[in-house]
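**Student:** To be precise about what I am sending: the file is called my_file_14.pdb and holds PDB, C-alpha atoms.
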```pdb
ATOM      1  CA  MET A  13     -24.704  18.232  15.125
ATOM      2  CA  LYS A  14     -22.249  18.892  12.299
ATOM      3  CA  ARG A  15     -22.437  22.366  10.843
ATOM      4  CA  ARG A  16     -21.989  21.183   7.267
ATOM      5  CA  ARG A  17     -24.146  18.670   5.456
ATOM      6  CA  PHE A  18     -22.905  15.070   5.197
ATOM      7  CA  PHE A  19     -23.264  13.733   1.673
ATOM      8  CA  GLN A  20     -24.423  10.138   1.637
ATOM      9  CA  TYR A  21     -21.738   7.605   0.827
ATOM     10  CA  THR A  22     -24.097   5.810  -1.507
ATOM     11  CA  GLY A  23     -23.527   8.567  -4.050
ATOM     12  CA  LEU A  24     -19.880   7.626  -4.406
ATOM     13  CA  GLY A  25     -20.291   4.576  -6.602
ATOM     14  CA  GLY A  26     -22.833   6.249  -8.834
ATOM     15  CA  LEU A  27     -20.621   9.216  -9.500
ATOM     16  CA  SER A  28     -17.784   6.909 -10.496
ATOM     17  CA  LEU A  29     -19.863   5.846 -13.494
ATOM     18  CA  VAL A  30     -20.350   9.354 -14.870
ATOM     19  CA  ALA A  31     -18.398   9.992 -18.045
ATOM     20  CA  ALA A  32     -16.347  13.184 -18.241
ATOM     21  CA  ALA A  33     -14.693  14.713 -21.312
ATOM     22  CA  GLN A  34     -11.467  16.666 -21.171
ATOM     23  CA  SER A  35     -12.212  20.379 -21.349
ATOM     24  CA  GLY A  36     -11.998  23.509 -19.236
ATOM     25  CA  ALA A  37      -9.067  24.552 -17.140
ATOM     26  CA  ILE A  38      -7.846  22.961 -13.939
ATOM     27  CA  ALA A  39      -8.151  25.155 -10.870
ATOM     28  CA  SER A  40      -4.924  26.588  -9.548
ATOM     29  CA  ILE A  41      -4.047  25.065  -6.207
ATOM     30  CA  LEU A  42      -0.740  26.743  -5.496
ATOM     31  CA  GLY A  43      -0.052  29.750  -3.363
ATOM     32  CA  GLU A  44       2.734  32.107  -4.370
ATOM     33  CA  SER A  45       6.078  30.590  -3.467
ATOM     34  CA  GLY A  46       9.008  32.432  -2.014
ATOM     35  CA  GLU A  47      12.661  31.507  -2.181
ATOM     36  CA  GLN A  48      13.347  27.805  -1.908
ATOM     37  CA  ARG A  49      14.800  26.892   1.441
ATOM     38  CA  ASP A  50      17.221  24.085   2.226
ATOM     39  CA  LEU A  51      15.118  20.954   2.500
ATOM     40  CA  GLY A  52      17.358  19.412   5.162
ATOM     41  CA  LEU A  53      16.627  15.865   4.019
ATOM     42  CA  THR A  54      16.926  13.202   6.697
ATOM     43  CA  SER A  55      16.833   9.451   6.210
ATOM     44  CA  PHE A  56      14.541   7.233   8.249
ATOM     45  CA  GLU A  57      14.163   3.488   8.621
ATOM     46  CA  PHE A  58      10.869   1.619   8.574
ATOM     47  CA  GLN A  59       9.447  -1.881   8.346
ATOM     48  CA  VAL A  60       7.344  -3.155   5.450
ATOM     49  CA  THR A  61       5.029  -6.117   5.995
ATOM     50  CA  THR A  62       3.482  -8.048   3.115
ATOM     51  CA  VAL A  63       1.253 -11.113   2.815
ATOM     52  CA  ASP A  64       1.245 -14.273   0.731
ATOM     53  CA  ARG A  65      -1.647 -15.288  -1.534
ATOM     54  CA  ALA A  66      -3.522 -16.757   1.424
ATOM     55  CA  GLY A  67      -3.148 -13.568   3.453
ATOM     56  CA  HIS A  68      -0.522 -14.843   5.863
ATOM     57  CA  LEU A  69       1.772 -12.119   7.180
ATOM     58  CA  GLN A  70       5.351 -12.359   5.964
ATOM     59  CA  GLN A  71       8.499 -11.424   7.851
ATOM     60  CA  PRO A  72       8.822  -7.615   7.840
ATOM     61  CA  LYS A  73      11.666  -6.175   5.788
ATOM     62  CA  SER A  74      13.644  -3.051   6.623
ATOM     63  CA  HIS A  75      13.699  -0.098   4.220
ATOM     64  CA  THR A  76      15.026   3.457   4.268
ATOM     65  CA  ALA A  77      13.778   6.670   2.681
ATOM     66  CA  ASN A  78      14.388  10.411   2.925
ATOM     67  CA  TYR A  79      12.063  13.115   4.175
ATOM     68  CA  PHE A  80      12.000  16.716   5.304
ATOM     69  CA  PRO A  81       9.879  18.174   8.112
ATOM     70  CA  GLU A  82       7.620  21.080   7.147
ATOM     71  CA  SER A  83       6.691  23.125  10.211
ATOM     72  CA  ILE A  84       3.204  24.612  10.400
ATOM     73  CA  ASN A  85       3.650  26.060  13.882
ATOM     74  CA  SER A  86       5.743  25.346  16.958
ATOM     75  CA  VAL A  87       3.882  22.068  17.545
ATOM     76  CA  ASP A  88       2.513  20.753  14.258
ATOM     77  CA  ARG A  89       4.461  19.698  11.185
ATOM     78  CA  LEU A  90       4.186  17.590   8.039
ATOM     79  CA  ASP A  91       6.729  14.884   7.254
ATOM     80  CA  MET A  92       7.264  15.061   3.497
ATOM     81  CA  VAL A  93       8.690  11.814   2.108
ATOM     82  CA  GLN A  94      10.860  11.835  -1.002
ATOM     83  CA  ILE A  95       9.381   9.700  -3.782
ATOM     84  CA  THR A  96      12.118   8.639  -6.169
ATOM     85  CA  PRO A  97      11.637   9.140  -9.934
ATOM     86  CA  GLY A  98      10.693   6.256 -12.174
ATOM     87  CA  LYS A  99       8.397   4.658 -14.739
ATOM     88  CA  PHE A 100       5.375   2.517 -14.006
ATOM     89  CA  LEU A 101       2.204   1.186 -15.587
ATOM     90  CA  MET A 102      -0.796   3.095 -14.238
ATOM     91  CA  GLY A 103      -4.005   1.095 -14.063
ATOM     92  CA  ALA A 104      -4.945  -2.538 -13.620
ATOM     93  CA  PRO A 105      -4.200  -5.465 -15.926
ATOM     94  CA  ARG A 106      -7.371  -7.063 -17.293
ATOM     95  CA  SER A 107      -6.474 -10.248 -15.446
ATOM     96  CA  GLU A 108      -6.567  -8.572 -12.038
ATOM     97  CA  PRO A 109      -9.517  -9.766  -9.926
ATOM     98  CA  GLN A 110     -12.205  -7.058  -9.575
ATOM     99  CA  ALA A 111     -10.497  -4.796 -12.144
ATOM    100  CA  LYS A 112     -12.908  -2.195 -13.553
ATOM    101  CA  GLY A 113     -13.137  -0.576 -16.966
ATOM    102  CA  GLU A 114     -12.317   2.814 -15.450
ATOM    103  CA  GLU A 115      -8.869   1.438 -14.521
ATOM    104  CA  LEU A 116      -8.071   0.700 -18.180
ATOM    105  CA  PRO A 117      -6.197   0.901 -20.455
ATOM    106  CA  ARG A 118      -2.892   0.671 -18.605
ATOM    107  CA  GLN A 119      -0.648   3.615 -19.383
ATOM    108  CA  GLN A 120       3.113   3.932 -18.981
ATOM    109  CA  VAL A 121       3.936   7.028 -16.952
ATOM    110  CA  ASN A 122       7.367   8.536 -16.356
ATOM    111  CA  LEU A 123       7.495  10.601 -13.163
ATOM    112  CA  SER A 124      10.043  13.010 -11.760
ATOM    113  CA  SER A 125      10.877  12.968  -8.063
ATOM    114  CA  PHE A 126       8.386  14.601  -5.704
ATOM    115  CA  PHE A 127       7.559  14.733  -2.007
ATOM    116  CA  LEU A 128       4.341  13.345  -0.523
ATOM    117  CA  SER A 129       3.070  13.632   3.038
ATOM    118  CA  LYS A 130       3.833  10.510   5.014
ATOM    119  CA  TYR A 131       0.260  10.234   6.271
ATOM    120  CA  PRO A 132      -3.144  11.554   5.269
ATOM    121  CA  ILE A 133      -3.582  15.044   6.708
ATOM    122  CA  THR A 134      -4.567  14.707  10.349
ATOM    123  CA  GLN A 135      -7.158  16.718  12.207
ATOM    124  CA  ALA A 136      -4.403  18.434  14.210
ATOM    125  CA  GLN A 137      -2.586  19.445  11.015
ATOM    126  CA  TRP A 138      -5.860  20.612   9.506
ATOM    127  CA  ALA A 139      -6.634  22.823  12.511
ATOM    128  CA  ALA A 140      -3.119  24.302  12.415
ATOM    129  CA  VAL A 141      -3.493  25.297   8.755
ATOM    130  CA  VAL A 142      -7.059  26.560   9.250
ATOM    131  CA  ALA A 143      -5.552  29.041  11.739
ATOM    132  CA  LEU A 144      -3.414  30.514   8.931
ATOM    133  CA  PRO A 145      -4.650  33.483   6.861
ATOM    134  CA  LYS A 146      -7.438  32.768   4.380
ATOM    135  CA  VAL A 147      -6.526  32.682   0.679
ATOM    136  CA  SER A 148      -9.775  31.981  -1.201
ATOM    137  CA  ARG A 149     -12.386  30.422   1.075
ATOM    138  CA  GLU A 150     -13.314  29.881   4.706
ATOM    139  CA  LEU A 151     -12.550  26.521   6.309
ATOM    140  CA  HIS A 152     -14.379  24.776   9.126
ATOM    141  CA  LEU A 153     -12.067  24.196  12.106
ATOM    142  CA  ALA A 154     -13.369  20.721  13.008
ATOM    143  CA  PRO A 155     -15.246  19.165  10.064
ATOM    144  CA  SER A 156     -14.587  15.497  10.784
ATOM    145  CA  HIS A 157     -17.273  13.026  11.801
ATOM    146  CA  PHE A 158     -14.784  10.793  13.649
ATOM    147  CA  GLN A 159     -12.993  13.147  15.996
ATOM    148  CA  GLY A 160      -9.358  12.656  17.069
ATOM    149  CA  SER A 161      -6.291  14.846  16.604
ATOM    150  CA  ASN A 162      -4.279  12.022  15.023
ATOM    151  CA  ARG A 163      -7.124  10.625  12.932
ATOM    152  CA  PRO A 164      -7.298  11.714   9.304
ATOM    153  CA  VAL A 165      -9.378  14.779   8.614
ATOM    154  CA  GLU A 166     -12.492  13.860   6.604
ATOM    155  CA  SER A 167     -15.753  15.472   5.539
ATOM    156  CA  VAL A 168     -13.738  18.058   3.616
ATOM    157  CA  SER A 169     -14.423  18.889  -0.024
ATOM    158  CA  TRP A 170     -11.877  19.038  -2.840
ATOM    159  CA  LEU A 171     -12.230  22.825  -2.696
ATOM    160  CA  ASP A 172     -11.473  22.756   1.031
ATOM    161  CA  ALA A 173      -8.408  20.583   0.424
ATOM    162  CA  THR A 174      -7.076  22.966  -2.212
ATOM    163  CA  GLU A 175      -7.603  25.921   0.127
ATOM    164  CA  PHE A 176      -5.529  23.989   2.681
ATOM    165  CA  CYS A 177      -2.780  23.669   0.064
ATOM    166  CA  GLN A 178      -2.954  27.382  -0.760
ATOM    167  CA  ARG A 179      -2.657  28.413   2.883
ATOM    168  CA  LEU A 180       0.212  25.995   3.452
ATOM    169  CA  SER A 181       1.979  27.287   0.341
ATOM    170  CA  GLN A 182       1.558  30.903   1.414
ATOM    171  CA  HIS A 183       2.831  30.099   4.913
ATOM    172  CA  THR A 184       5.871  28.027   3.920
ATOM    173  CA  GLY A 185       6.909  29.676   0.647
ATOM    174  CA  ARG A 186       6.827  26.241  -0.976
ATOM    175  CA  PRO A 187       4.199  25.238  -3.567
ATOM    176  CA  TYR A 188       1.904  22.572  -2.139
ATOM    177  CA  GLN A 189      -0.933  20.869  -4.002
ATOM    178  CA  LEU A 190      -2.889  17.660  -4.212
ATOM    179  CA  PRO A 191      -1.057  14.850  -6.024
ATOM    180  CA  SER A 192      -2.093  13.893  -9.534
ATOM    181  CA  GLU A 193      -3.662  10.464  -9.645
ATOM    182  CA  ALA A 194      -0.598   9.164 -11.493
ATOM    183  CA  GLN A 195       1.634  10.424  -8.689
ATOM    184  CA  TRP A 196      -0.756   8.946  -6.147
ATOM    185  CA  GLU A 197      -0.810   5.483  -7.746
ATOM    186  CA  TYR A 198       2.964   5.440  -8.249
ATOM    187  CA  ALA A 199       3.433   6.334  -4.578
ATOM    188  CA  CYS A 200       0.877   3.733  -3.502
ATOM    189  CA  ARG A 201       2.450   0.932  -5.514
ATOM    190  CA  ALA A 202       5.970   1.755  -4.296
ATOM    191  CA  GLY A 203       7.500  -0.457  -6.967
ATOM    192  CA  THR A 204       4.943  -3.270  -6.778
ATOM    193  CA  THR A 205       2.780  -4.616  -9.601
ATOM    194  CA  THR A 206       0.377  -6.683  -7.451
ATOM    195  CA  PRO A 207      -3.191  -5.546  -6.700
ATOM    196  CA  PHE A 208      -2.017  -4.099  -3.365
ATOM    197  CA  SER A 209       1.400  -2.916  -2.237
ATOM    198  CA  THR A 210       1.048  -5.640   0.406
ATOM    199  CA  GLY A 211       0.885  -8.332  -2.280
ATOM    200  CA  GLU A 212      -1.881 -10.324  -3.971
ATOM    201  CA  THR A 213      -4.333  -9.466  -1.195
ATOM    202  CA  ILE A 214      -4.668  -7.419   1.989
ATOM    203  CA  VAL A 215      -5.695  -8.158   5.585
ATOM    204  CA  ALA A 216      -7.091  -6.224   8.551
ATOM    205  CA  GLN A 217      -3.686  -6.172  10.279
ATOM    206  CA  LEU A 218      -2.397  -3.954   7.451
ATOM    207  CA  ALA A 219      -5.256  -1.539   6.699
ATOM    208  CA  ASP A 220      -8.536  -0.051   7.913
ATOM    209  CA  TYR A 221     -11.399  -1.269   5.696
ATOM    210  CA  ARG A 222     -14.438  -3.577   5.701
ATOM    211  CA  ALA A 223     -12.282  -6.614   6.378
ATOM    212  CA  SER A 224     -15.309  -8.829   7.048
ATOM    213  CA  ALA A 225     -15.259  -9.111   3.243
ATOM    214  CA  THR A 226     -12.327 -10.829   1.527
ATOM    215  CA  TYR A 227     -10.454 -10.352  -1.740
ATOM    216  CA  LYS A 228      -8.868 -13.779  -2.162
ATOM    217  CA  ALA A 229      -8.235 -16.662   0.237
ATOM    218  CA  GLU A 230      -7.464 -14.594   3.329
ATOM    219  CA  THR A 231      -9.426 -15.086   6.556
ATOM    220  CA  PRO A 232     -12.032 -12.386   7.239
ATOM    221  CA  GLY A 233     -10.810  -9.816   9.729
ATOM    222  CA  GLU A 234     -11.969  -6.988  11.970
ATOM    223  CA  TYR A 235     -14.262  -4.339  10.525
ATOM    224  CA  ARG A 236     -13.615  -1.231  12.635
ATOM    225  CA  HIS A 237     -16.532   0.898  11.366
ATOM    226  CA  SER A 238     -14.527   4.150  11.575
ATOM    227  CA  THR A 239     -11.264   5.844  10.769
ATOM    228  CA  VAL A 240      -8.212   5.033  12.901
ATOM    229  CA  PRO A 241      -5.168   7.133  13.875
ATOM    230  CA  VAL A 242      -2.791   7.538  10.954
ATOM    231  CA  GLY A 243       0.261   5.303  10.939
ATOM    232  CA  SER A 244      -1.525   2.451  12.735
ATOM    233  CA  PHE A 245      -0.287  -0.023  10.127
ATOM    234  CA  SER A 246       2.927  -0.925   8.325
ATOM    235  CA  ALA A 247       4.306   1.501   5.731
ATOM    236  CA  ASN A 248       4.675   0.664   2.056
ATOM    237  CA  GLY A 249       8.029   0.469   0.276
ATOM    238  CA  PHE A 250       8.312   4.265   0.001
ATOM    239  CA  GLY A 251       7.672   4.777   3.724
ATOM    240  CA  LEU A 252       4.077   6.022   3.280
ATOM    241  CA  HIS A 253       1.235   4.965   5.557
ATOM    242  CA  ASP A 254      -2.489   4.464   4.932
ATOM    243  CA  MET A 255      -2.300   4.463   1.138
ATOM    244  CA  HIS A 256      -4.777   1.571   1.344
ATOM    245  CA  GLY A 257      -7.904   2.282   3.387
ATOM    246  CA  ASN A 258      -8.695   4.572   6.323
ATOM    247  CA  VAL A 259      -9.918   7.377   4.007
ATOM    248  CA  TRP A 260     -10.198   7.902   0.282
ATOM    249  CA  GLU A 261      -7.866  10.710  -0.839
ATOM    250  CA  TRP A 262      -8.587  13.610  -3.165
ATOM    251  CA  CYS A 263      -6.334  13.958  -6.217
ATOM    252  CA  ALA A 264      -5.841  17.030  -8.391
ATOM    253  CA  ASP A 265      -7.376  15.430 -11.500
ATOM    254  CA  GLY A 266     -10.791  15.884 -12.920
ATOM    255  CA  TRP A 267     -12.700  12.607 -13.258
ATOM    256  CA  HIS A 268     -12.439  10.737 -16.563
ATOM    257  CA  ARG A 269     -14.126   7.414 -17.175
ATOM    258  CA  ASN A 270     -10.863   5.637 -18.043
ATOM    259  CA  HIS A 271      -7.129   6.224 -18.521
ATOM    260  CA  ARG A 272      -7.331   6.881 -22.250
ATOM    261  CA  GLY A 273      -5.676  10.259 -22.837
ATOM    262  CA  ALA A 274      -3.712  10.275 -19.573
ATOM    263  CA  PHE A 275      -0.458  12.232 -19.744
ATOM    264  CA  ALA A 276       2.772  10.245 -20.025
ATOM    265  CA  ASP A 277       4.468  12.601 -17.557
ATOM    266  CA  GLY A 278       1.793  12.122 -14.887
ATOM    267  CA  ARG A 279       0.231  15.588 -15.039
ATOM    268  CA  ALA A 280      -3.279  15.989 -13.641
ATOM    269  CA  ARG A 281      -6.094  15.946 -16.176
ATOM    270  CA  ARG A 282      -8.649  18.727 -16.466
ATOM    271  CA  ALA A 283     -12.128  18.617 -15.011
ATOM    272  CA  VAL A 284     -15.493  19.361 -16.583
ATOM    273  CA  ALA A 285     -18.776  20.398 -15.027
ATOM    274  CA  VAL A 286     -21.366  17.644 -14.559
ATOM    275  CA  ALA A 287     -24.794  18.640 -13.198
ATOM    276  CA  GLY A 288     -23.394  21.980 -12.077
ATOM    277  CA  SER A 289     -20.335  20.599 -10.262
ATOM    278  CA  GLN A 290     -16.956  19.274 -11.310
ATOM    279  CA  LEU A 291     -16.004  15.702 -10.488
ATOM    280  CA  ARG A 292     -12.586  14.990  -9.035
ATOM    281  CA  VAL A 293     -10.639  11.756  -8.642
ATOM    282  CA  ILE A 294     -10.425   9.984  -5.307
ATOM    283  CA  ARG A 295      -8.060   7.111  -4.591
ATOM    284  CA  GLY A 296      -7.228   4.467  -1.992
ATOM    285  CA  GLY A 297     -10.540   3.308  -0.560
ATOM    286  CA  GLY A 298     -11.723   3.917   2.991
ATOM    287  CA  TRP A 299     -12.856   2.388   6.261
ATOM    288  CA  LEU A 300     -16.317   1.601   4.804
ATOM    289  CA  ASP A 301     -15.070  -0.228   1.705
ATOM    290  CA  ALA A 302     -14.614  -3.847   0.724
ATOM    291  CA  PRO A 303     -11.013  -4.790  -0.133
ATOM    292  CA  GLU A 304     -11.363  -4.523  -3.934
ATOM    293  CA  LYS A 305     -11.836  -0.759  -3.519
ATOM    294  CA  LEU A 306      -8.438  -0.541  -1.795
ATOM    295  CA  ARG A 307      -6.463  -1.898  -4.747
ATOM    296  CA  SER A 308      -3.647   0.338  -6.001
ATOM    297  CA  ALA A 309      -5.454   0.822  -9.326
ATOM    298  CA  SER A 310      -8.902   1.482  -7.842
ATOM    299  CA  ARG A 311     -10.319   4.926  -8.579
ATOM    300  CA  SER A 312     -13.586   6.788  -8.372
ATOM    301  CA  GLY A 313     -15.018  10.257  -8.976
ATOM    302  CA  TYR A 314     -16.761  12.611  -6.556
ATOM    303  CA  ALA A 315     -18.142  16.125  -6.765
ATOM    304  CA  GLU A 316     -15.531  18.714  -5.760
ATOM    305  CA  THR A 317     -18.059  20.512  -3.537
ATOM    306  CA  ALA A 318     -19.238  17.377  -1.717
ATOM    307  CA  LEU A 319     -18.456  16.229   1.811
ATOM    308  CA  ASN A 320     -18.080  12.630   2.907
ATOM    309  CA  ARG A 321     -16.895  10.997   6.105
ATOM    310  CA  THR A 322     -14.843   8.523   4.042
ATOM    311  CA  ILE A 323     -12.782  11.129   2.104
ATOM    312  CA  GLY A 324      -9.635  12.959   3.209
ATOM    313  CA  PHE A 325      -6.401  13.873   1.428
ATOM    314  CA  ARG A 326      -2.625  14.210   1.560
ATOM    315  CA  VAL A 327      -0.386  16.827  -0.042
ATOM    316  CA  MET A 328       2.635  16.895  -2.330
ATOM    317  CA  THR A 329       5.331  19.318  -3.424
ATOM    318  CA  MET A 330       8.006  19.181  -6.109
ATOM    319  CA  VAL A 331      10.605  21.238  -4.219
TER     320      VAL A 331
END
```
Let me see the structure of the file written as C-alpha cells.

**Tutor:**
Amino acid sequence: MKRRRFFQYTGLGGLSLVAAAQSGAIASILGESGEQRDLGLTSFEFQVTTVDRAGHLQQPKSHTANYFPESINSVDRLDMVQITPGKFLMGAPRSEPQAKGEELPRQQVNLSSFFLSKYPITQAQWAAVVALPKVSRELHLAPSHFQGSNRPVESVSWLDATEFCQRLSQHTGRPYQLPSEAQWEYACRAGTTTPFSTGETIVAQLADYRASATYKAETPGEYRHSTVPVGSFSANGFGLHDMHGNVWEWCADGWHRNHRGAFADGRARRAVAVAGSQLRVIRGGGWLDAPEKLRSASRSGYAETALNRTIGFRVMTMV
C-alpha cells in the first residue's frame, strides 16, 4: 500500500474553478548555482507527426533541435532541449471548441530562450535525484502508483517537485526550476496555433489519454487506463515528448482564474493561500482525461501539497 495518501482525481476539476488573487510571494525553487559550465549543445533529428481535421495521420516531417545532457549520476541524465525565443499568444481563441473562460483573454507573451527537459521526469530520474542531499524536505523514493523506471513519476506534490529542482540545482551548479505556464504553453505549441500541436485534433496514436472520447471527427481510439513510458509517441516541433497527455505537469505559477494580469515576459505569477493551501497551475492533461483537457491552452489548478496519480512534472533552466 502506498505510504502517502492518494488525493482523489475528482478534486481536480473543482479546484480549477477556485478564484485566486495575486498576492504573496512565490516560493524560491532554485538552489545556489555555481559557475556556468559549457553546455556542449548537440543537435538531434526527430520526426513530427500531425493529423488532419478528421484525425488521419499525416506523413511525418523531419525536424532538428539542440540539447545538452545533464548528468545526475553515472547512469541517469536529463536531456535538456533548447527552446528558441519568440512571441506567441497564450490562451485559447473564443472560437476554439471546448475553450474555457480560464483560458482567456489571450495574451501576447515574448519569451527568451530556455531549456526544457525532453520528457516528463521519469521514475528513474526521480530516484537518482532523491539520492542527492536534502535541501528543504524529504522525498519518497518511489511515490508513483504506476511503477516503471521509464514511466513518468507521479503522485508527487508541487512542493516535492520544487525540492527535486533544488537538489538538482545544488548538484549541477545550474539553476533548475519548474517552467512558468507561459513557457510551458509556448513549448507545447511549438509554433502552432491549433488546439493541439498535432493539429485540429489528436488521436490515440499520438498521446496517452481517454481516447474512447473524441474531440472532433476522429475515430475513437485506445484508452490505456494508465501512464506509459515517456517518449512512446511522436515529438512536437521543438523535439519535446508527452506535452499532451500521459501526466499533467506542475508549473511554477500560482493559480489564477484567467490570464488577465499575466506578465508579457512570461514570468510565473504569484500564488495565494486558499483553504490553508496554495493552488498551483497544472498543464497538459493526463491518461485519465478526455481530449479537450489535452489542448495546448488547457489549464487547471491544484493544491501544492496534494498528490495525484495523474500529475507529474518536467524541469527547465535558463542557462

**Student:** What's the separation between CA of Arg311 in chain A and CA of Arg295 in chain A, in Å to one decimal place?

**Tutor:**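 Those two atoms sit 5.1 Å apart.
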
**Student:** Would you please work out which residue, of A:Trp170, A:Phe245, A:Phe126, A:Phe158, is nearest to Glu316 in chain A when using all atoms listed in the file?

**Tutor:** A:Trp170

**Student:** Pick out the residues sitting within 9 Å of range 207-223 of chain A, and hand them over as a short mmCIF file (atom, residue, chain, number, x, y, z; two decimals) with C-alpha atoms, in the coordinates of the input; count all atoms listed in the file, and ignore anything fewer than 3 positions along from it in its own chain.

**Tutor:**
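Wrote it out as out-v3.cif, contents follow:
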```cif
data_model
loop_
_atom_site.label_atom_id
_atom_site.label_comp_id
_atom_site.auth_asym_id
_atom_site.auth_seq_id
_atom_site.Cartn_x
_atom_site.Cartn_y
_atom_site.Cartn_z
CA VAL A 60 7.34 -3.16 5.45
CA THR A 61 5.03 -6.12 6.00
CA THR A 62 3.48 -8.05 3.12
CA VAL A 63 1.25 -11.11 2.82
CA ASP A 64 1.25 -14.27 0.73
CA ARG A 65 -1.65 -15.29 -1.53
CA ALA A 66 -3.52 -16.76 1.42
CA GLY A 67 -3.15 -13.57 3.45
CA HIS A 68 -0.52 -14.84 5.86
CA LEU A 69 1.77 -12.12 7.18
CA ALA A 104 -4.94 -2.54 -13.62
CA GLU A 108 -6.57 -8.57 -12.04
CA PRO A 109 -9.52 -9.77 -9.93
CA CYS A 200 0.88 3.73 -3.50
CA ARG A 201 2.45 0.93 -5.51
CA ALA A 202 5.97 1.76 -4.30
CA GLY A 203 7.50 -0.46 -6.97
CA THR A 204 4.94 -3.27 -6.78
CA THR A 226 -12.33 -10.83 1.53
CA TYR A 227 -10.45 -10.35 -1.74
CA LYS A 228 -8.87 -13.78 -2.16
CA ALA A 229 -8.24 -16.66 0.24
CA GLU A 230 -7.46 -14.59 3.33
CA THR A 231 -9.43 -15.09 6.56
CA PRO A 232 -12.03 -12.39 7.24
CA GLY A 233 -10.81 -9.82 9.73
CA GLU A 234 -11.97 -6.99 11.97
CA TYR A 235 -14.26 -4.34 10.52
CA ARG A 236 -13.62 -1.23 12.64
CA HIS A 237 -16.53 0.90 11.37
CA SER A 238 -14.53 4.15 11.58
CA THR A 239 -11.26 5.84 10.77
CA VAL A 240 -8.21 5.03 12.90
CA SER A 244 -1.52 2.45 12.74
CA PHE A 245 -0.29 -0.02 10.13
CA SER A 246 2.93 -0.92 8.32
CA ALA A 247 4.31 1.50 5.73
CA ASN A 248 4.68 0.66 2.06
CA GLY A 249 8.03 0.47 0.28
CA ASP A 254 -2.49 4.46 4.93
CA MET A 255 -2.30 4.46 1.14
CA HIS A 256 -4.78 1.57 1.34
CA GLY A 257 -7.90 2.28 3.39
CA ASN A 258 -8.70 4.57 6.32
CA VAL A 259 -9.92 7.38 4.01
CA GLY A 297 -10.54 3.31 -0.56
CA GLY A 298 -11.72 3.92 2.99
CA TRP A 299 -12.86 2.39 6.26
CA LEU A 300 -16.32 1.60 4.80
CA ASP A 301 -15.07 -0.23 1.70
CA ALA A 302 -14.61 -3.85 0.72
CA PRO A 303 -11.01 -4.79 -0.13
CA GLU A 304 -11.36 -4.52 -3.93
CA LEU A 306 -8.44 -0.54 -1.80
CA ARG A 307 -6.46 -1.90 -4.75
CA SER A 308 -3.65 0.34 -6.00
CA ALA A 309 -5.45 0.82 -9.33
#
```

**Student:** In Å to one decimal, how far is CA of Arg118 in chain A from CA of Arg106 in chain A?

**Tutor:**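 These atoms are spaced 9.0 Å apart.
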
**Student:** Enter the distance from CA of Ser192 in chain A to CA of Ala173 in chain A, in Å, rounded to one decimal.

**Tutor:**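 These atoms are spaced 13.6 Å apart.
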
**Student:** Might you pull out every residue within 7 Å of range 82-91 of chain A, with only C-alpha atoms counted and same-chain residues fewer than 6 positions away left off, and present them as a PyMOL selection string?

**Tutor:** chain A and resi 129-130+137+140-141

**Student:** May I ask which of the residues A:Met92, A:Leu319, A:Ala285, A:Leu153 is the closest one to Tyr188 in chain A, counting all atoms listed in the file?

**Tutor:** A:Met92

**Student:** Let me have the centre and edge lengths of the axis-aligned box enclosing all listed atoms of range 294-304 of chain A with 5 Å padding on every side, in Å to one decimal, as JSON.

**Tutor:**
```
{"center_x": -11.8, "center_y": 2.6, "center_z": 0.5, "size_x": 19.1, "size_y": 24.8, "size_z": 21.6}
```

**Student:** For the PyMOL selection byres ((chain A and resi 166) around 6), applied here, can you spell out every residue it catches as a VMD selection string?

**Tutor:** chain A and resid 156 165 167 to 168 321 323 to 324

**Student:** So, counting only C-alpha atoms, which residue among A:Val93, A:Val121, A:Cys177, A:Val293 is closest to Asn270 in chain A?

**Tutor:**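 Counting only C-alpha atoms, the residue closest to Asn270 in chain A is A:Val293.
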
**Student:** Do you know which residues the PyMOL selection byres ((chain A and resi 78) around 10) returns on this file, as a list in words?

**Tutor:**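 When the PyMOL selection byres ((chain A and resi 78) around 10) is applied to the shown file, the picked residues are Gly52, Leu53, Thr54, Ser55, Phe56, Glu57, Thr76, Ala77, Tyr79, Phe80, Asp91, Met92, Val93, Gln94, Ile95, Thr96, Phe127, Phe250 and Gly251 of chain A.
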
**Student:** Write out the residues from the selection above, keeping C-alpha atoms, as an mmCIF file, keeping the file's coordinate frame.

**Tutor:**
```cif
data_model
loop_
_atom_site.group_PDB
_atom_site.id
_atom_site.type_symbol
_atom_site.label_atom_id
_atom_site.label_comp_id
_atom_site.auth_asym_id
_atom_site.auth_seq_id
_atom_site.Cartn_x
_atom_site.Cartn_y
_atom_site.Cartn_z
ATOM 1 C CA GLY A 52 17.358 19.412 5.162
ATOM 2 C CA LEU A 53 16.627 15.865 4.019
ATOM 3 C CA THR A 54 16.926 13.202 6.697
ATOM 4 C CA SER A 55 16.833 9.451 6.210
ATOM 5 C CA PHE A 56 14.541 7.233 8.249
ATOM 6 C CA GLU A 57 14.163 3.488 8.621
ATOM 7 C CA THR A 76 15.026 3.457 4.268
ATOM 8 C CA ALA A 77 13.778 6.670 2.681
ATOM 9 C CA TYR A 79 12.063 13.115 4.175
ATOM 10 C CA PHE A 80 12.000 16.716 5.304
ATOM 11 C CA ASP A 91 6.729 14.884 7.254
ATOM 12 C CA MET A 92 7.264 15.061 3.497
ATOM 13 C CA VAL A 93 8.690 11.814 2.108
ATOM 14 C CA GLN A 94 10.860 11.835 -1.002
ATOM 15 C CA ILE A 95 9.381 9.700 -3.782
ATOM 16 C CA THR A 96 12.118 8.639 -6.169
ATOM 17 C CA PHE A 127 7.559 14.733 -2.007
ATOM 18 C CA PHE A 250 8.312 4.265 0.001
ATOM 19 C CA GLY A 251 7.672 4.777 3.724
#
```

**Student:** Of the residues A:Ala315, A:Gly243, A:Thr174, A:Leu144, which is the one nearest to Asn162 in chain A, using all atoms listed in the file?

**Tutor:**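 Among the listed residues, A:Gly243 lies closest to Asn162 in chain A.
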
**Student:** Taking all atoms listed in the file into account, name the residue in A:Thr205, A:Ser169, A:Gln182, A:Ser107 that is nearest to Ser289 in chain A.

**Tutor:**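 Using all atoms listed in the file, the shortest distance to Ser289 in chain A belongs to A:Ser169.
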
**Student:** Taking the file as shown, what set of residues would the PyMOL selection byres ((chain A and resi 113) around 10) give back, as a ChimeraX atom specification?

**Tutor:** /A:29,103-104,106,110-112,114-117,269-271
